[in-house]
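Asks: Supplied structure: upload02.csv, CSV, C-alpha atoms.
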chain,number,residue,atom,x,y,z
Y,18,MET,CA,54.2,-29.3,5.2
Y,19,GLN,CA,52.9,-27.9,8.5
Y,20,GLY,CA,52.5,-24.4,9.8
Y,21,PHE,CA,50.4,-21.4,9.1
Y,22,LEU,CA,49.6,-19.0,6.2
Y,23,ASN,CA,48.6,-15.4,7.0
Y,24,LEU,CA,46.3,-14.9,4.1
Y,25,ASN,CA,44.9,-11.6,3.0
Y,26,LYS,CA,41.4,-12.7,1.9
Y,27,PRO,CA,40.0,-10.9,-1.2
Y,28,ALA,CA,36.5,-9.5,-1.4
Y,29,GLY,CA,34.0,-11.9,-3.0
Y,30,PHE,CA,35.6,-15.0,-1.6
Y,31,THR,CA,34.2,-17.0,1.3
Y,32,SER,CA,36.6,-18.4,3.8
Y,33,HIS,CA,35.8,-21.9,2.4
Y,34,ASP,CA,36.7,-20.6,-1.1
Y,35,CYS,CA,40.1,-19.5,0.3
Y,36,VAL,CA,40.8,-22.9,1.9
Y,37,ALA,CA,39.9,-24.7,-1.4
Y,38,LYS,CA,42.2,-22.3,-3.3
Y,39,VAL,CA,45.1,-22.8,-0.9
Y,40,ARG,CA,44.6,-26.6,-0.9
Y,41,ARG,CA,45.0,-26.6,-4.7
Y,42,LEU,CA,48.0,-24.2,-4.8
Y,43,LEU,CA,49.9,-26.2,-2.2
Y,44,ARG,CA,48.6,-29.6,-3.3
Y,45,LEU,CA,47.8,-30.2,0.4
Y,46,LYS,CA,44.7,-32.0,1.7
Y,47,ARG,CA,44.8,-30.9,5.3
Y,48,VAL,CA,44.0,-27.1,5.3
Y,49,GLY,CA,41.7,-25.2,7.6
Y,50,HIS,CA,41.0,-21.6,8.6
Y,51,GLY,CA,41.0,-19.8,11.9
Y,52,GLY,CA,37.9,-17.6,11.9
Y,53,THR,CA,35.3,-17.0,9.2
Y,54,LEU,CA,35.2,-13.8,7.2
Y,55,ASP,CA,32.1,-12.7,5.3
Y,56,PRO,CA,32.5,-12.6,1.5
Y,57,LEU,CA,32.3,-8.8,1.6
Y,58,ALA,CA,35.2,-8.6,4.1
Y,59,THR,CA,38.9,-8.6,3.3
Y,60,GLY,CA,42.0,-9.0,5.4
Y,61,VAL,CA,43.6,-11.4,7.7
Y,62,LEU,CA,42.4,-15.0,7.5
Y,63,PRO,CA,44.7,-17.4,9.4
Y,64,ILE,CA,45.1,-20.7,7.4
Y,65,ALA,CA,46.5,-23.8,9.1
Y,66,LEU,CA,48.4,-26.3,7.0
Y,67,GLY,CA,49.0,-30.0,7.5
Y,68,ARG,CA,49.1,-31.1,11.1
Y,69,ALA,CA,48.9,-27.5,12.3
Y,70,THR,CA,45.1,-27.7,11.7
Y,71,ARG,CA,45.0,-29.5,15.0
Y,72,LEU,CA,46.3,-26.3,16.7
Y,73,LEU,CA,43.5,-24.0,15.6
Y,74,GLN,CA,41.6,-24.7,18.8
Y,75,TYR,CA,44.4,-23.3,20.9
Y,76,MET,CA,44.9,-20.0,19.0
Y,77,THR,CA,43.9,-16.7,20.6
Y,78,SER,CA,40.5,-15.5,19.5
Y,79,ASP,CA,41.2,-11.7,19.7
Y,80,LYS,CA,40.7,-9.8,16.4
Y,81,ALA,CA,40.9,-6.2,15.1
Y,82,TYR,CA,39.0,-4.6,12.2
Y,83,GLN,CA,38.7,-1.4,10.2
Y,84,ALA,CA,35.1,-0.9,9.3
Y,85,THR,CA,33.0,1.7,7.5
Y,86,ILE,CA,29.5,2.1,8.8
Y,87,ARG,CA,27.0,3.8,6.5
Y,88,LEU,CA,24.2,5.7,8.3
Y,89,GLY,CA,20.9,6.4,6.8
Y,90,VAL,CA,20.2,3.0,5.3
Y,91,LYS,CA,19.1,-0.4,6.6
Y,92,THR,CA,19.6,-3.7,4.7
Y,93,THR,CA,18.4,-7.3,5.1
Y,94,THR,CA,21.9,-8.6,5.7
Y,95,ASP,CA,23.2,-5.6,7.8
Y,96,ASP,CA,25.8,-5.0,5.0
Y,97,LEU,CA,25.8,-3.8,1.4
Y,98,GLU,CA,25.3,-7.3,0.1
Y,99,GLY,CA,21.7,-7.2,1.2
Y,100,ASP,CA,18.6,-5.5,-0.1
Y,101,ILE,CA,17.8,-2.0,1.2
Y,102,VAL,CA,14.7,-2.2,3.4
Y,103,ALA,CA,14.6,1.4,4.7
Y,104,THR,CA,16.4,4.8,4.2
Y,105,SER,CA,16.4,7.9,6.4
Y,106,SER,CA,18.4,11.1,6.1
Y,107,ALA,CA,21.5,11.2,8.2
Y,108,SER,CA,22.3,14.8,7.3
Y,109,GLY,CA,21.5,16.0,10.9
Y,110,LEU,CA,24.2,13.8,12.4
Y,111,THR,CA,27.5,15.1,13.7
Y,112,LEU,CA,30.5,13.3,15.2
Y,113,GLU,CA,29.7,14.9,18.5
Y,114,ILE,CA,26.3,13.3,18.5
Y,115,ILE,CA,27.6,9.9,17.4
Y,116,VAL,CA,30.6,9.4,19.7
Y,117,PRO,CA,28.6,9.0,23.0
Y,118,PHE,CA,26.5,6.3,21.4
Y,119,LEU,CA,29.6,4.3,20.5
Y,120,HIS,CA,30.3,3.8,24.2
Y,121,GLN,CA,27.4,1.4,24.6
Y,122,PHE,CA,29.1,-1.0,22.2
Y,123,GLN,CA,32.3,-1.3,24.2
Y,124,GLY,CA,33.0,-3.7,27.0
Y,125,THR,CA,31.0,-6.9,27.7
Y,126,ILE,CA,27.8,-6.5,25.7
Y,127,GLU,CA,24.8,-8.5,24.6
Y,128,GLN,CA,24.6,-8.7,20.9
Y,129,VAL,CA,22.0,-10.1,18.4
Y,130,PRO,CA,23.7,-11.7,15.4
Y,131,PRO,CA,22.6,-10.8,11.9
Y,132,MET,CA,19.8,-12.9,10.4
Y,133,TYR,CA,22.1,-13.7,7.6
Y,134,SER,CA,24.8,-15.5,9.7
Y,135,ALA,CA,26.0,-19.0,10.4
Y,136,VAL,CA,24.5,-19.0,13.9
Y,137,GLN,CA,22.4,-22.1,14.4
Y,138,VAL,CA,18.8,-21.9,15.8
Y,139,GLN,CA,17.1,-25.2,16.4
Y,140,GLY,CA,19.6,-27.0,14.2
Y,141,LYS,CA,19.3,-24.6,11.3
Y,142,ARG,CA,21.7,-22.0,10.1
Y,143,LEU,CA,20.1,-18.5,10.2
Y,144,TYR,CA,21.2,-17.7,6.6
Y,145,ASP,CA,19.4,-20.9,5.4
Y,146,LEU,CA,16.2,-19.8,7.2
Y,147,ALA,CA,16.5,-16.3,5.8
Y,148,ARG,CA,17.0,-17.5,2.3
Y,149,ALA,CA,13.9,-19.7,2.7
Y,150,GLY,CA,11.9,-16.6,3.7
Y,151,LYS,CA,11.5,-17.8,7.3
Y,152,THR,CA,12.0,-15.9,10.5
Y,153,ALA,CA,13.4,-17.0,13.8
Y,154,GLU,CA,13.9,-15.6,17.3
Y,155,ILE,CA,17.6,-15.0,17.4
Y,156,PRO,CA,19.2,-15.5,20.8
Y,157,THR,CA,21.5,-12.8,22.1
Y,158,ARG,CA,25.1,-13.7,22.8
Y,159,GLN,CA,27.6,-12.1,25.1
Y,160,VAL,CA,30.7,-10.7,23.3
Y,161,GLU,CA,33.7,-8.6,24.3
Y,162,VAL,CA,34.5,-5.3,22.4
Y,163,TYR,CA,37.7,-4.0,23.8
Y,164,GLN,CA,37.9,-0.7,21.9
Y,165,ILE,CA,36.2,1.4,19.2
Y,166,GLU,CA,38.2,4.2,17.8
Y,167,VAL,CA,36.9,6.8,15.3
Y,168,LEU,CA,39.1,7.1,12.2
Y,169,GLU,CA,37.2,9.4,9.9
Y,170,TRP,CA,33.7,10.9,9.6
Y,171,ARG,CA,32.0,11.9,6.3
Y,172,PRO,CA,28.7,13.7,6.9
Y,173,GLY,CA,25.8,13.7,4.4
Y,174,GLU,CA,22.4,12.2,3.6
Y,175,LEU,CA,24.1,8.8,3.7
Y,176,ALA,CA,26.9,9.5,6.2
Y,177,GLU,CA,29.9,7.2,6.7
Y,178,LEU,CA,31.9,6.5,9.8
Y,179,ASP,CA,35.2,4.8,9.7
Y,180,VAL,CA,36.2,3.0,12.9
Y,181,ALA,CA,38.8,0.7,14.3
Y,182,ILE,CA,37.4,-2.1,16.4
Y,183,ALA,CA,39.3,-4.5,18.7
Y,184,CYS,CA,37.1,-7.4,19.9
Y,185,GLY,CA,36.9,-11.0,21.1
Y,186,ALA,CA,35.5,-14.1,19.4
Y,187,GLY,CA,32.0,-14.2,18.1
Y,188,THR,CA,31.6,-10.4,17.7
Y,189,TYR,CA,29.6,-9.4,14.6
Y,190,ILE,CA,30.7,-6.0,13.3
Y,191,ARG,CA,27.6,-6.0,11.1
Y,192,SER,CA,25.5,-6.0,14.3
Y,193,ILE,CA,27.4,-3.0,15.7
Y,194,ALA,CA,26.7,-1.1,12.4
Y,195,ARG,CA,23.0,-2.1,12.5
Y,196,ASP,CA,22.6,-1.3,16.2
Y,197,LEU,CA,24.4,2.0,16.0
Y,198,GLY,CA,22.0,3.0,13.2
Y,199,GLU,CA,19.0,2.0,15.3
Y,200,ALA,CA,20.3,4.0,18.3
Y,201,LEU,CA,20.7,7.1,16.1
Y,202,ASN,CA,17.2,6.6,14.5
Y,203,THR,CA,18.7,6.6,11.0
Y,204,GLY,CA,19.4,3.0,10.3
Y,205,GLY,CA,22.9,1.7,9.7
Y,206,THR,CA,24.7,-1.0,7.7
Y,207,LEU,CA,28.2,-2.2,7.2
Y,208,ALA,CA,29.7,-0.7,4.0
Y,209,SER,CA,33.2,-2.3,4.2
Y,210,LEU,CA,35.3,-4.4,6.5
Y,211,ILE,CA,39.0,-5.2,6.7
Y,212,ARG,CA,40.3,-7.5,9.4
Y,213,THR,CA,43.6,-6.1,10.4
Y,214,GLN,CA,44.6,-8.6,13.0
Y,215,SER,CA,43.6,-12.2,14.0
Y,216,SER,CA,45.1,-14.7,16.3
Y,217,GLY,CA,48.4,-12.8,16.4
Y,218,PHE,CA,48.7,-12.4,12.6
Y,219,THR,CA,48.6,-8.8,11.2
Y,220,LEU,CA,47.5,-7.4,7.8
Y,221,GLU,CA,51.0,-5.9,7.2
Y,222,GLN,CA,52.5,-9.4,7.1
Y,223,SER,CA,49.8,-11.1,5.1
Y,224,LEU,CA,50.0,-12.7,1.6
Y,225,THR,CA,47.4,-12.3,-1.1
Y,226,LEU,CA,46.4,-15.4,-3.1
Y,227,ASP,CA,48.4,-14.0,-6.1
Y,228,GLU,CA,51.5,-13.5,-3.9
Y,229,LEU,CA,51.1,-17.0,-2.6
Y,230,ALA,CA,50.8,-18.5,-6.1
Y,231,ALA,CA,53.9,-16.6,-7.1
Y,232,GLN,CA,55.9,-17.9,-4.2
Y,233,VAL,CA,54.7,-21.5,-4.8
Y,234,GLN,CA,55.7,-21.1,-8.5
Y,235,ALA,CA,59.2,-19.9,-7.4
Y,236,GLU,CA,59.4,-22.6,-4.7
Y,237,THR,CA,60.1,-19.9,-2.1
Y,238,PHE,CA,57.0,-20.3,0.0
Y,239,ASN,CA,57.7,-21.3,3.6
Y,240,PRO,CA,54.8,-21.7,6.1
Y,241,ILE,CA,54.9,-19.8,9.4
Y,242,PRO,CA,56.1,-22.1,12.1
Y,243,PRO,CA,53.2,-23.7,14.1
Y,244,GLU,CA,54.3,-22.3,17.4
Y,245,ALA,CA,54.2,-18.7,16.1
Y,246,ALA,CA,50.4,-18.6,16.6
Y,247,LEU,CA,50.7,-19.9,20.1
Y,248,GLU,CA,52.8,-17.3,21.8
Y,249,HIS,CA,50.0,-16.4,24.2
Y,250,LEU,CA,50.5,-19.8,25.8
Y,251,ALA,CA,53.2,-20.3,28.5
Y,252,ARG,CA,56.0,-22.7,27.5
Y,253,ILE,CA,57.9,-25.5,29.2
Y,254,THR,CA,61.2,-27.0,28.4
Y,255,LEU,CA,61.7,-30.7,28.8
Y,256,SER,CA,65.0,-32.5,29.3
Y,257,PRO,CA,66.1,-35.0,26.6
Y,258,ASP,CA,64.8,-37.9,28.6
Y,259,GLU,CA,61.5,-36.1,29.5
Y,260,ALA,CA,61.1,-35.0,25.9
Y,261,ARG,CA,61.6,-38.6,24.6
Y,262,ARG,CA,59.0,-40.0,27.1
Y,263,TRP,CA,56.6,-37.1,26.5
Y,264,CYS,CA,56.7,-37.6,22.7
Y,265,GLN,CA,55.9,-41.3,23.3
Y,266,GLY,CA,52.7,-40.3,25.1
Y,267,GLN,CA,54.0,-40.6,28.7
Y,268,ARG,CA,53.1,-38.0,31.4
Y,269,ILE,CA,55.9,-36.1,33.1
Y,270,LYS,CA,55.6,-35.7,36.8
Y,271,VAL,CA,55.9,-32.0,37.8
Y,272,GLU,CA,57.2,-32.6,41.3
Y,273,ASP,CA,60.2,-34.3,39.7
Y,274,ARG,CA,61.2,-30.9,38.4
Y,275,GLY,CA,60.1,-28.8,41.4
Y,276,GLN,CA,56.6,-27.7,42.2
Y,277,LYS,CA,57.0,-24.4,40.4
Y,278,ILE,CA,55.9,-24.9,36.8
Y,279,GLU,CA,58.3,-23.3,34.3
Y,280,GLY,CA,57.0,-20.8,31.9
Y,281,ASP,CA,54.6,-18.8,34.1
Y,282,ASP,CA,55.4,-15.3,35.3
Y,283,ASN,CA,54.6,-16.1,38.9
Y,284,GLY,CA,54.7,-19.9,38.7
Y,285,ILE,CA,51.8,-22.2,39.2
Y,286,TYR,CA,51.8,-24.4,42.3
Y,287,LYS,CA,50.1,-27.7,42.9
Y,288,GLN,CA,47.3,-26.2,44.9
Y,289,ASN,CA,46.5,-23.7,42.2
Y,290,ILE,CA,46.1,-26.1,39.3
Y,291,ASN,CA,42.7,-25.7,37.6
Y,292,GLN,CA,40.8,-28.9,38.5
Y,293,ASP,CA,38.8,-28.8,35.2
Y,294,THR,CA,40.8,-31.2,33.0
Y,295,SER,CA,37.8,-31.6,30.6
Y,296,THR,CA,38.4,-28.3,28.9
Y,297,ASN,CA,41.3,-26.7,27.0
Y,298,SER,CA,41.6,-23.9,29.5
Y,299,VAL,CA,44.6,-21.7,28.7
Y,300,ALA,CA,45.4,-21.8,32.4
Y,301,ASN,CA,46.2,-25.5,32.0
Y,302,ILE,CA,47.8,-25.5,28.5
Y,303,ARG,CA,51.5,-25.1,27.6
Y,304,ARG,CA,53.7,-25.2,24.6
Y,305,ALA,CA,56.3,-28.0,25.1
Y,306,TYR,CA,59.9,-27.7,23.8
Y,307,ASN,CA,63.1,-29.7,24.1
Y,308,GLU,CA,66.3,-28.2,25.3
Y,309,ASP,CA,67.4,-27.3,21.8
Y,310,GLY,CA,64.3,-25.1,21.4
Y,311,ARG,CA,62.4,-27.4,19.1
Y,312,PHE,CA,58.6,-27.2,19.4
Y,313,LEU,CA,57.2,-30.6,20.4
Y,314,GLY,CA,53.5,-29.9,20.7
Y,315,ILE,CA,50.8,-29.0,23.3
Y,316,THR,CA,50.8,-30.3,26.9
Y,317,GLN,CA,48.2,-30.0,29.6
Y,318,VAL,CA,48.9,-29.5,33.3
Y,319,ILE,CA,46.7,-31.9,35.2
Y,320,GLU,CA,46.3,-33.1,38.8
Y,321,SER,CA,45.7,-36.8,39.4
Y,322,GLU,CA,45.5,-38.4,42.8
Y,323,GLY,CA,47.2,-35.5,44.4
Y,324,GLU,CA,50.1,-35.3,41.9
Y,325,VAL,CA,50.6,-32.8,39.1
Y,326,TRP,CA,51.7,-33.9,35.6
Y,327,PHE,CA,52.5,-32.6,32.2
Y,328,ALA,CA,50.2,-34.8,30.0
Y,329,PRO,CA,50.7,-34.8,26.2
Y,330,LYS,CA,47.8,-33.2,24.6
Y,331,MET,CA,49.0,-32.9,21.0
Y,332,VAL,CA,52.4,-34.3,19.9
Y,333,LEU,CA,53.6,-32.7,16.7
Y,334,ALA,CA,57.3,-33.7,16.7
Y,335,ASN,CA,58.2,-36.7,14.7
Please re-express this file's structure in structure tokens.
Replies:
Amino acid sequence: MQGFLNLNKPAGFTSHDCVAKVRRLLRLKRVGHGGTLDPLATGVLPIALGRATRLLQYMTSDKAYQATIRLGVKTTTDDLEGDIVATSSASGLTLEIIVPFLHQFQGTIEQVPPMYSAVQVQGKRLYDLARAGKTAEIPTRQVEVYQIEVLEWRPGELAELDVAIACGAGTYIRSIARDLGEALNTGGTLASLIRTQSSGFTLEQSLTLDELAAQVQAETFNPIPPEAALEHLARITLSPDEARRWCQGQRIKVEDRGQKIEGDDNGIYKQNINQDTSTNSVANIRRAYNEDGRFLGITQVIESEGEVWFAPKMVLAN
């Protein structure tokens, strides 16, 4: 079995718990997830099955969430799982006051991760340091927040703001809740979080663990094809001879097929090939198919000694 499972993670489960549960249900050793969710959070958790675990590194990192931010309270973990450390009335807040502050959390921003997080500082996880009663200077990180949209506002002593957030990898929604509360001088914490989209998978098409168990019992479960999570990558089509040689680990010379590389809107020419072949730059990565439309794996476009090649990066076809 190889492919993906679009899992709707339940509250109270860690991402590792979900992987272990899926491993038992499918009786499959090779299972991995594409993006950690906190135990409090629910929603889309991409799960890779079998050899598709090797594709996790090539999936898009964009995500979307629906979050409830509670204003008037501050916690140790920046969500409701932590202890309350301060409270302040939020009764004076209005949506008109709050919306301008949201703008500072959009775009490319510098963000401080929560103290209770998996970020490593000097070789230690922050949550391990926090649980041991230790403190650490947390380095800021640059993240992308594409959009924050207000969904609902509930005023009160402990006011709540529902928002939809679209963002890139590494963004902590808990940090946005905390920092918004600080900007408003009331304190803020994350009350609930649902991931509605991750790596191209949506909440509407996700399966709960119970639904997965039922499908496994009925022998109707079919994993999502591996290539479905890679549609953000351009594709190439290899001739039968090229496909055979590529699957055997041989490089395919691009000039043999014309200098324009198939699968790109404007074409990529020899002089525009990214010279950095040490990274998995999306600019240099393609999905490889045979002429029958069968997904073969991942190929890299490289330049070597003045010539451009399709080099096998990950061969999944048998």
Asks: Counting all atoms listed in the file, find residues at most 9 Å from (22.4, -10.2, 14.1) (file frame) and give them as JSON, numbers by chain.
Replies: {"Y": [94, 95, 128, 129, 130, 131, 132, 133, 134, 155, 157, 189, 191, 192, 193, 195]}
Asks: Show me the residues close to (32.6, 14.7, 12.6) - anything with an atom within 12 Å, counting only C-alpha atoms - and format the list as a PyMOL selection string.
Replies: chain Y and resi 108-116+167-173+176-179
Asks: Name the closest residue to Gln123 (chain Y) among the candidates Y:Ala186, Y:Val160, Y:Leu42, Y:Ile253; distances are taken between atoms, counting only C-alpha atoms.
Replies: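 Of Y:Ala186, Y:Val160, Y:Leu42, Y:Ile253, the one nearest Gln123 (chain Y) is Y:Val160, counting only C-alpha atoms.
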Asks: For a test of reading the model, state the distance in Å between CA of Asn239 (chain Y) and CA of Gly20 (chain Y), rounded to one decimal.
Replies: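 Answer for the CA of Asn239 (chain Y) to CA of Gly20 (chain Y) separation: 8.7 Å.
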Asks: May I ask which of the residues Y:Leu247, Y:Met76, Y:Ala28, Y:Leu22 is the closest one to Pro63 (chain Y), counting all atoms listed in the file?
Replies: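 Closest candidate: Y:Leu22.
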Asks: Of the candidates Y:His249, Y:Lys38, Y:Arg261, Y:Arg68, which shows the shortest atom-to-atom distance to Ile302 (chain Y), using all atoms listed in the file?
Replies: Y:His249
Asks: Do you have the CA of Ala69 (chain Y)-CA of Leu313 (chain Y) distance handy?
Replies: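 Computing it gives 12.0 Å between the two atoms.
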Asks: Using all atoms listed in the file, which of Y:Gly60, Y:Pro27, Y:Gly99, Y:Gly51 sits nearest Leu207 (chain Y)?
Replies: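 Ranked by minimum distance to Leu207 (chain Y), first place goes to Y:Gly99.
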Asks: Of the candidates Y:Arg47, Y:Arg252, Y:Arg268, Y:Arg262, which one gets nearest to Phe21 (chain Y) if we count only C-alpha atoms?
Replies: Y:Arg47
Asks: As an exercise, work out the distance from CA of Asn301 (chain Y) to CA of Lys80 (chain Y) in Å and give it to one decimal place.
Replies: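 Calculated distance between CA of Asn301 (chain Y) and CA of Lys80 (chain Y) is 22.8 Å.
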Asks: Considering all atoms listed in the file, state which residue in the set Y:Val39, Y:Val90, Y:Ala305, Y:Leu201 is at the smallest distance from Leu226 (chain Y).
Replies: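 Checking each candidate against Leu226 (chain Y), we get Y:Val39 as the closest.
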Asks: With 12 Å as the cut-off and all atoms listed in the file counted, what is the closest atom pair between each nearby residue of region 55-82 of chain Y and region 216-221 of chain Y? Distances in Å to one decimal, ordered by chain and number, as a tab-separated table.
Replies:
residue	atom	partner	partner_atom	distance
Y:Thr59	CA	Y:Leu220	CA	9.8
Y:Gly60	CA	Y:Leu220	CA	6.2
Y:Val61	CA	Y:Leu220	CA	5.6
Y:Leu62	CA	Y:Phe218	CA	8.5
Y:Pro63	CA	Y:Phe218	CA	7.2
Y:Ile64	CA	Y:Phe218	CA	10.4
Y:Ala65	CA	Y:Ser216	CA	11.7
Y:Leu72	CA	Y:Ser216	CA	11.7
Y:Leu73	CA	Y:Ser216	CA	9.5
Y:Gln74	CA	Y:Ser216	CA	10.9
Y:Tyr75	CA	Y:Ser216	CA	9.8
Y:Met76	CA	Y:Ser216	CA	6.0
Y:Thr77	CA	Y:Ser216	CA	4.9
Y:Ser78	CA	Y:Ser216	CA	5.7
Y:Asp79	CA	Y:Ser216	CA	6.0
Y:Lys80	CA	Y:Ser216	CA	6.6
Y:Ala81	CA	Y:Thr219	CA	9.0
Y:Tyr82	CA	Y:Leu220	CA	10.0
